[in-house]
Each structure stands twice: as structure tokens, then as C-alpha cells.
Amino acid sequence: MKTDSPDPEGLMLPVPGVDYGPLDGLLGYALRRAQNALYLDFYRATAEWDVSPQRFAALVLIARNPGLRQGLLAQAMGLHRSGALRLTDWLTVQGWAERRDAPGDARAWGLHLTAAGKKRLARLEAAVAEHDRALLAALGEHGPALKAGLDRLAWVATAQSTTPQNKPRRPKP
């Protein structure tokens with residue numbers, strides 16, 4: 001059943017005859033092209049369930065951290081609190097997650113997968129693992145190095161964006 005999830009963006013393959021100027025030389029632009037292609041491929045692998053990479057990540061985080069608070073989910077996923085709220089609402093409407101009162105704090109609640117959510121996640125994890133294996137196989141010996149390089153790049157970019165001479169890109173809420 002298709003829900004209100006946004007349609008995945010299209011491929012960003014180079015268009016013949018279009019001058020991309022400095023874009024073709026930028027690491028970030030190459031990553032954006034790859035990210036769009038990966039998102040589309042992931043979406044095809046999970047289309048039966050209408051699950052985006054973000055929704056899958058939320059399911060995994062909730063499953064591995066029962067009672068996870070929504071604010072911490074937002075932080076772990078790099079989302080604004082409102083984005084985590086919409087994501088949590090979608091998961092609860094699907095019947096895959098539920099909010100439960102937090103023990104010892106009547107004002108707070110944590111997120112838990114339902115039995116249906118656990119079953120769905122098991123199927124999704126299998127599909128996503130197969131999707132990832134296929135990508136790594138297609139990359140051959142370059143796959144592990146690329147993964148390690150991307151992890152390193154995330155750390156480097158994060159460190160550069162949090163040094164005193166650099167101001168945060170978004171104001172804190």
C-alpha cells in the first residue's frame with residue numbers, strides 16, 4: 001500500500017551537452033549523485049513495504065534500543081525533533097511501533113516495536129542485507145575501502161563543521 005512518502009528523487013547522471021562547470025570536480029556533488037542512485041536502488045529493494053532508508057533506520061534503532069525516546073531517535077538520525085515526530089507517527093500508524101510510558105517518569109515515553117514491527121523488520125533486514133551484498137559485490141575489492149573512506153569522510157566533515165572558526169549551518173532549536 002502506497003502512503004504519503006515522498007517519491008524518491010531521480011538519477012543525477014551526467015546529461016550530455018550540459019556544462020557542469022566545477023560541479024564535476026566536487027566530492028560533494030559526486031556523493032549526491034551516488035546518494036540519489038543508492039536511494040532509488042534501496043527504494044526498489046523495499047518498495048513492497050513503502051520503506052525509505054530513513055524509515056528502515058528508525059525501525060532498526062528502535063528495535064535495538066527498546067524504550068528509545070523520540071528526541072534521542074532524532075539525534076541518532078540527524079533529524080529535527082519535528083522530523084522524528086512525523087517518522088514516529090508514520091511507524092505507529094503502520095502498527096510497527098508504539099509509544100509506551102517510560103518507567104519512573106510519568107511525563108516521558110519511549111518507543112518500542114510491536115510484534116508486527118518486529119516481523120516486518122526481520123523481512124526488511126533480509127532484503128536490505130541482500131541489497132547491500134549486491135552493491136558490495138558489484139564494487140568488488142573497492143567496496144570495503146569505499147565504506148571505510150565514507151565513514152572517515154563523515155568524521156572529517158563533522159569535525160570541520162564543529163570547530164570554533166566554523167559556525168553551525170543551522171541554528172540550534
# chains A, B, ... in the order shown; residues from 1 in each chain; ligands from 1
>>> residues_around(residues="stretch 81-98 of chain A", least_positions_apart="5", cutoff="12 Å", atoms="only C-alpha atoms", output="mmCIF file with N, CA, C and O atoms, in the first residue's frame")
data_model
loop_
_atom_site.group_PDB
_atom_site.id
_atom_site.type_symbol
_atom_site.label_atom_id
_atom_site.label_comp_id
_atom_site.auth_asym_id
_atom_site.auth_seq_id
_atom_site.Cartn_x
_atom_site.Cartn_y
_atom_site.Cartn_z
ATOM 1 N N MET A 1 0.843 -1.183 0.000
ATOM 2 C CA MET A 1 0.000 0.000 0.000
ATOM 3 C C MET A 1 0.884 1.240 0.000
ATOM 4 O O MET A 1 1.725 1.422 0.858
ATOM 5 N N LYS A 2 0.711 2.095 -0.941
ATOM 6 C CA LYS A 2 1.487 3.330 -1.055
ATOM 7 C C LYS A 2 0.927 4.356 -0.079
ATOM 8 O O LYS A 2 -0.264 4.566 0.006
ATOM 9 N N THR A 3 1.829 4.996 0.669
ATOM 10 C CA THR A 3 1.401 6.026 1.615
ATOM 11 C C THR A 3 1.862 7.378 1.113
ATOM 12 O O THR A 3 2.196 7.535 -0.037
ATOM 13 N N ASP A 4 1.929 8.324 2.014
ATOM 14 C CA ASP A 4 2.286 9.679 1.625
ATOM 15 C C ASP A 4 3.791 9.920 1.593
ATOM 16 O O ASP A 4 4.240 11.048 1.632
ATOM 17 N N SER A 5 4.591 8.866 1.500
ATOM 18 C CA SER A 5 6.035 9.089 1.466
ATOM 19 C C SER A 5 6.405 9.815 0.187
ATOM 20 O O SER A 5 5.789 9.619 -0.851
ATOM 21 N N TRP A 49 7.115 -2.618 0.795
ATOM 22 C CA TRP A 49 6.704 -2.173 2.121
ATOM 23 C C TRP A 49 6.658 -0.656 2.248
ATOM 24 O O TRP A 49 6.396 -0.137 3.335
ATOM 25 N N ASP A 50 6.972 0.082 1.181
ATOM 26 C CA ASP A 50 6.972 1.543 1.204
ATOM 27 C C ASP A 50 7.896 2.072 2.300
ATOM 28 O O ASP A 50 7.521 2.933 3.096
ATOM 29 N N VAL A 51 9.098 1.509 2.347
ATOM 30 C CA VAL A 51 10.047 1.874 3.387
ATOM 31 C C VAL A 51 11.264 2.541 2.770
ATOM 32 O O VAL A 51 11.952 1.955 1.948
ATOM 33 N N SER A 52 11.497 3.758 3.193
ATOM 34 C CA SER A 52 12.671 4.512 2.763
ATOM 35 C C SER A 52 13.857 4.127 3.653
ATOM 36 O O SER A 52 13.684 3.514 4.715
ATOM 37 N N PRO A 53 15.062 4.542 3.272
ATOM 38 C CA PRO A 53 16.210 4.303 4.151
ATOM 39 C C PRO A 53 16.003 4.898 5.542
ATOM 40 O O PRO A 53 16.391 4.306 6.544
ATOM 41 N N GLN A 54 15.382 6.067 5.613
ATOM 42 C CA GLN A 54 15.135 6.706 6.899
ATOM 43 C C GLN A 54 14.183 5.879 7.764
ATOM 44 O O GLN A 54 14.403 5.700 8.960
ATOM 45 N N ARG A 55 13.134 5.376 7.166
ATOM 46 C CA ARG A 55 12.171 4.564 7.922
ATOM 47 C C ARG A 55 12.827 3.264 8.393
ATOM 48 O O ARG A 55 12.603 2.810 9.511
ATOM 49 N N PHE A 56 13.633 2.677 7.525
ATOM 50 C CA PHE A 56 14.350 1.456 7.899
ATOM 51 C C PHE A 56 15.291 1.737 9.072
ATOM 52 O O PHE A 56 15.319 0.988 10.046
ATOM 53 N N ALA A 57 16.043 2.821 8.986
ATOM 54 C CA ALA A 57 16.974 3.165 10.056
ATOM 55 C C ALA A 57 16.236 3.361 11.379
ATOM 56 O O ALA A 57 16.695 2.908 12.432
ATOM 57 N N ALA A 58 15.094 4.015 11.343
ATOM 58 C CA ALA A 58 14.315 4.234 12.568
ATOM 59 C C ALA A 58 13.860 2.904 13.157
ATOM 60 O O ALA A 58 13.952 2.696 14.375
ATOM 61 N N LEU A 59 13.391 2.001 12.313
ATOM 62 C CA LEU A 59 12.978 0.681 12.803
ATOM 63 C C LEU A 59 14.142 -0.040 13.472
ATOM 64 O O LEU A 59 13.988 -0.636 14.542
ATOM 65 N N VAL A 60 15.295 -0.009 12.845
ATOM 66 C CA VAL A 60 16.475 -0.676 13.407
ATOM 67 C C VAL A 60 16.842 -0.061 14.751
ATOM 68 O O VAL A 60 17.076 -0.776 15.737
ATOM 69 N N LEU A 61 16.883 1.260 14.816
ATOM 70 C CA LEU A 61 17.272 1.928 16.058
ATOM 71 C C LEU A 61 16.282 1.649 17.191
ATOM 72 O O LEU A 61 16.686 1.428 18.332
ATOM 73 N N ILE A 62 15.011 1.650 16.881
ATOM 74 C CA ILE A 62 14.002 1.360 17.908
ATOM 75 C C ILE A 62 14.107 -0.099 18.355
ATOM 76 O O ILE A 62 14.026 -0.394 19.546
ATOM 77 N N ALA A 63 14.312 -0.998 17.407
ATOM 78 C CA ALA A 63 14.426 -2.423 17.750
ATOM 79 C C ALA A 63 15.629 -2.687 18.646
ATOM 80 O O ALA A 63 15.543 -3.475 19.595
ATOM 81 N N PRO A 66 15.114 -0.615 22.775
ATOM 82 C CA PRO A 66 13.731 -0.526 23.263
ATOM 83 C C PRO A 66 13.590 0.574 24.313
ATOM 84 O O PRO A 66 14.436 0.723 25.190
ATOM 85 N N GLY A 67 12.542 1.361 24.160
ATOM 86 C CA GLY A 67 12.301 2.471 25.075
ATOM 87 C C GLY A 67 13.009 3.749 24.647
ATOM 88 O O GLY A 67 12.983 4.743 25.364
ATOM 89 N N LEU A 68 13.611 3.735 23.470
ATOM 90 C CA LEU A 68 14.316 4.910 22.945
ATOM 91 C C LEU A 68 13.365 6.093 22.908
ATOM 92 O O LEU A 68 12.256 6.001 22.401
ATOM 93 N N ARG A 69 13.813 7.203 23.437
ATOM 94 C CA ARG A 69 12.981 8.410 23.407
ATOM 95 C C ARG A 69 13.079 9.060 22.040
ATOM 96 O O ARG A 69 14.106 8.989 21.365
ATOM 97 N N GLN A 70 12.007 9.708 21.657
ATOM 98 C CA GLN A 70 11.918 10.306 20.323
ATOM 99 C C GLN A 70 13.024 11.337 20.086
ATOM 100 O O GLN A 70 13.582 11.414 18.988
ATOM 101 N N GLY A 71 13.357 12.121 21.078
ATOM 102 C CA GLY A 71 14.420 13.116 20.934
ATOM 103 C C GLY A 71 15.767 12.473 20.658
ATOM 104 O O GLY A 71 16.566 12.979 19.866
ATOM 105 N N LEU A 72 16.020 11.345 21.301
ATOM 106 C CA LEU A 72 17.271 10.633 21.074
ATOM 107 C C LEU A 72 17.273 9.970 19.693
ATOM 108 O O LEU A 72 18.310 9.915 19.024
ATOM 109 N N LEU A 73 16.119 9.502 19.252
ATOM 110 C CA LEU A 73 15.998 8.972 17.891
ATOM 111 C C LEU A 73 16.340 10.073 16.894
ATOM 112 O O LEU A 73 17.097 9.846 15.939
ATOM 113 N N ALA A 74 15.808 11.263 17.106
ATOM 114 C CA ALA A 74 16.102 12.393 16.224
ATOM 115 C C ALA A 74 17.598 12.662 16.192
ATOM 116 O O ALA A 74 18.194 12.826 15.117
ATOM 117 N N GLN A 75 18.216 12.693 17.347
ATOM 118 C CA GLN A 75 19.652 12.955 17.428
ATOM 119 C C GLN A 75 20.449 11.866 16.720
ATOM 120 O O GLN A 75 21.375 12.165 15.958
ATOM 121 N N ALA A 76 20.103 10.611 16.947
ATOM 122 C CA ALA A 76 20.832 9.495 16.340
ATOM 123 C C ALA A 76 20.721 9.498 14.819
ATOM 124 O O ALA A 76 21.623 9.022 14.123
ATOM 125 N N TRP A 109 7.838 9.099 27.425
ATOM 126 C CA TRP A 109 7.520 7.806 26.851
ATOM 127 C C TRP A 109 8.655 7.375 25.938
ATOM 128 O O TRP A 109 9.455 8.189 25.482
ATOM 129 N N GLY A 110 8.718 6.082 25.730
ATOM 130 C CA GLY A 110 9.744 5.518 24.861
ATOM 131 C C GLY A 110 9.102 4.771 23.711
ATOM 132 O O GLY A 110 7.912 4.434 23.742
ATOM 133 N N LEU A 111 9.898 4.516 22.700
ATOM 134 C CA LEU A 111 9.425 3.822 21.501
ATOM 135 C C LEU A 111 9.790 2.345 21.569
ATOM 136 O O LEU A 111 10.895 1.984 21.980
ATOM 137 N N HIS A 112 8.832 1.528 21.142
ATOM 138 C CA HIS A 112 9.021 0.075 21.117
ATOM 139 C C HIS A 112 8.423 -0.459 19.824
ATOM 140 O O HIS A 112 7.394 0.047 19.359
ATOM 141 N N LEU A 113 9.065 -1.494 19.276
ATOM 142 C CA LEU A 113 8.455 -2.158 18.126
ATOM 143 C C LEU A 113 7.327 -3.045 18.606
ATOM 144 O O LEU A 113 7.395 -3.643 19.674
ATOM 145 N N THR A 114 6.297 -3.123 17.808
ATOM 146 C CA THR A 114 5.202 -4.055 18.063
ATOM 147 C C THR A 114 5.612 -5.417 17.501
ATOM 148 O O THR A 114 6.639 -5.538 16.809
ATOM 149 N N ALA A 115 4.797 -6.430 17.731
ATOM 150 C CA ALA A 115 5.072 -7.746 17.148
ATOM 151 C C ALA A 115 5.083 -7.643 15.626
ATOM 152 O O ALA A 115 5.944 -8.229 14.949
ATOM 153 N N ALA A 116 4.150 -6.862 15.070
ATOM 154 C CA ALA A 116 4.113 -6.674 13.617
ATOM 155 C C ALA A 116 5.363 -5.940 13.137
ATOM 156 O O ALA A 116 5.909 -6.241 12.063
ATOM 157 N N GLY A 117 5.842 -4.973 13.920
ATOM 158 C CA GLY A 117 7.050 -4.243 13.567
ATOM 159 C C GLY A 117 8.277 -5.142 13.577
ATOM 160 O O GLY A 117 9.144 -5.048 12.702
ATOM 161 N N LYS A 118 8.359 -6.027 14.552
ATOM 162 C CA LYS A 118 9.492 -6.970 14.619
ATOM 163 C C LYS A 118 9.478 -7.907 13.424
ATOM 164 O O LYS A 118 10.522 -8.190 12.826
ATOM 165 N N LYS A 119 8.298 -8.371 13.067
ATOM 166 C CA LYS A 119 8.176 -9.268 11.908
ATOM 167 C C LYS A 119 8.553 -8.531 10.618
ATOM 168 O O LYS A 119 9.285 -9.052 9.780
ATOM 169 N N ARG A 120 8.057 -7.314 10.476
ATOM 170 C CA ARG A 120 8.361 -6.513 9.290
ATOM 171 C C ARG A 120 9.855 -6.219 9.210
ATOM 172 O O ARG A 120 10.468 -6.305 8.164
ATOM 173 N N LEU A 121 10.449 -5.867 10.351
ATOM 174 C CA LEU A 121 11.871 -5.549 10.373
ATOM 175 C C LEU A 121 12.707 -6.757 9.972
ATOM 176 O O LEU A 121 13.690 -6.611 9.235
ATOM 177 N N ALA A 122 12.335 -7.936 10.404
ATOM 178 C CA ALA A 122 13.091 -9.136 10.028
ATOM 179 C C ALA A 122 13.103 -9.300 8.504
ATOM 180 O O ALA A 122 14.152 -9.595 7.910
ATOM 181 N N LYS A 172 20.601 26.280 16.450
ATOM 182 C CA LYS A 172 20.114 25.260 17.383
ATOM 183 C C LYS A 172 18.672 25.576 17.750
ATOM 184 O O LYS A 172 18.295 26.730 17.876
ATOM 185 N N PRO A 173 17.865 24.518 17.928
ATOM 186 C CA PRO A 173 16.451 24.747 18.276
ATOM 187 C C PRO A 173 16.276 25.341 19.643
ATOM 188 O O PRO A 173 17.065 25.292 20.483
#
>>> select_by_dssp(residues="stretch 83-172 of chain A", states="alpha helix (DSSP H)", output="PyMOL selection string")
chain A and resi 83-93+115-139+142-161
>>> select_by_dssp(residues="stretch 27-157 of chain A", states="strand (DSSP E or B)", output="PyMOL selection string")
chain A and resi 68+97-102+105-113
>>> closest_residue(among="A:Thr46, A:Ala30, A:Leu150, A:Trp155", to="A:Ala126", atoms="only C-alpha atoms")
A:Thr46
>>> closest_residue(among="A:Val15, A:Arg107, A:Ala127, A:Asn65", to="A:Ala47", atoms="only C-alpha atoms")
A:Ala127
>>> closest_residue(among="A:Arg100, A:Arg64, A:His142, A:His131", to="A:Tyr43", atoms="only C-alpha atoms")
A:His131
>>> closest_residue(among="A:Leu26, A:Ala108, A:Ala34, A:Leu11", to="A:Leu135", atoms="only C-alpha atoms")
A:Ala34
>>> atom_distance(atom1="atom CA of A:Leu79", atom2="atom CA of A:Leu13")
27.6 Å
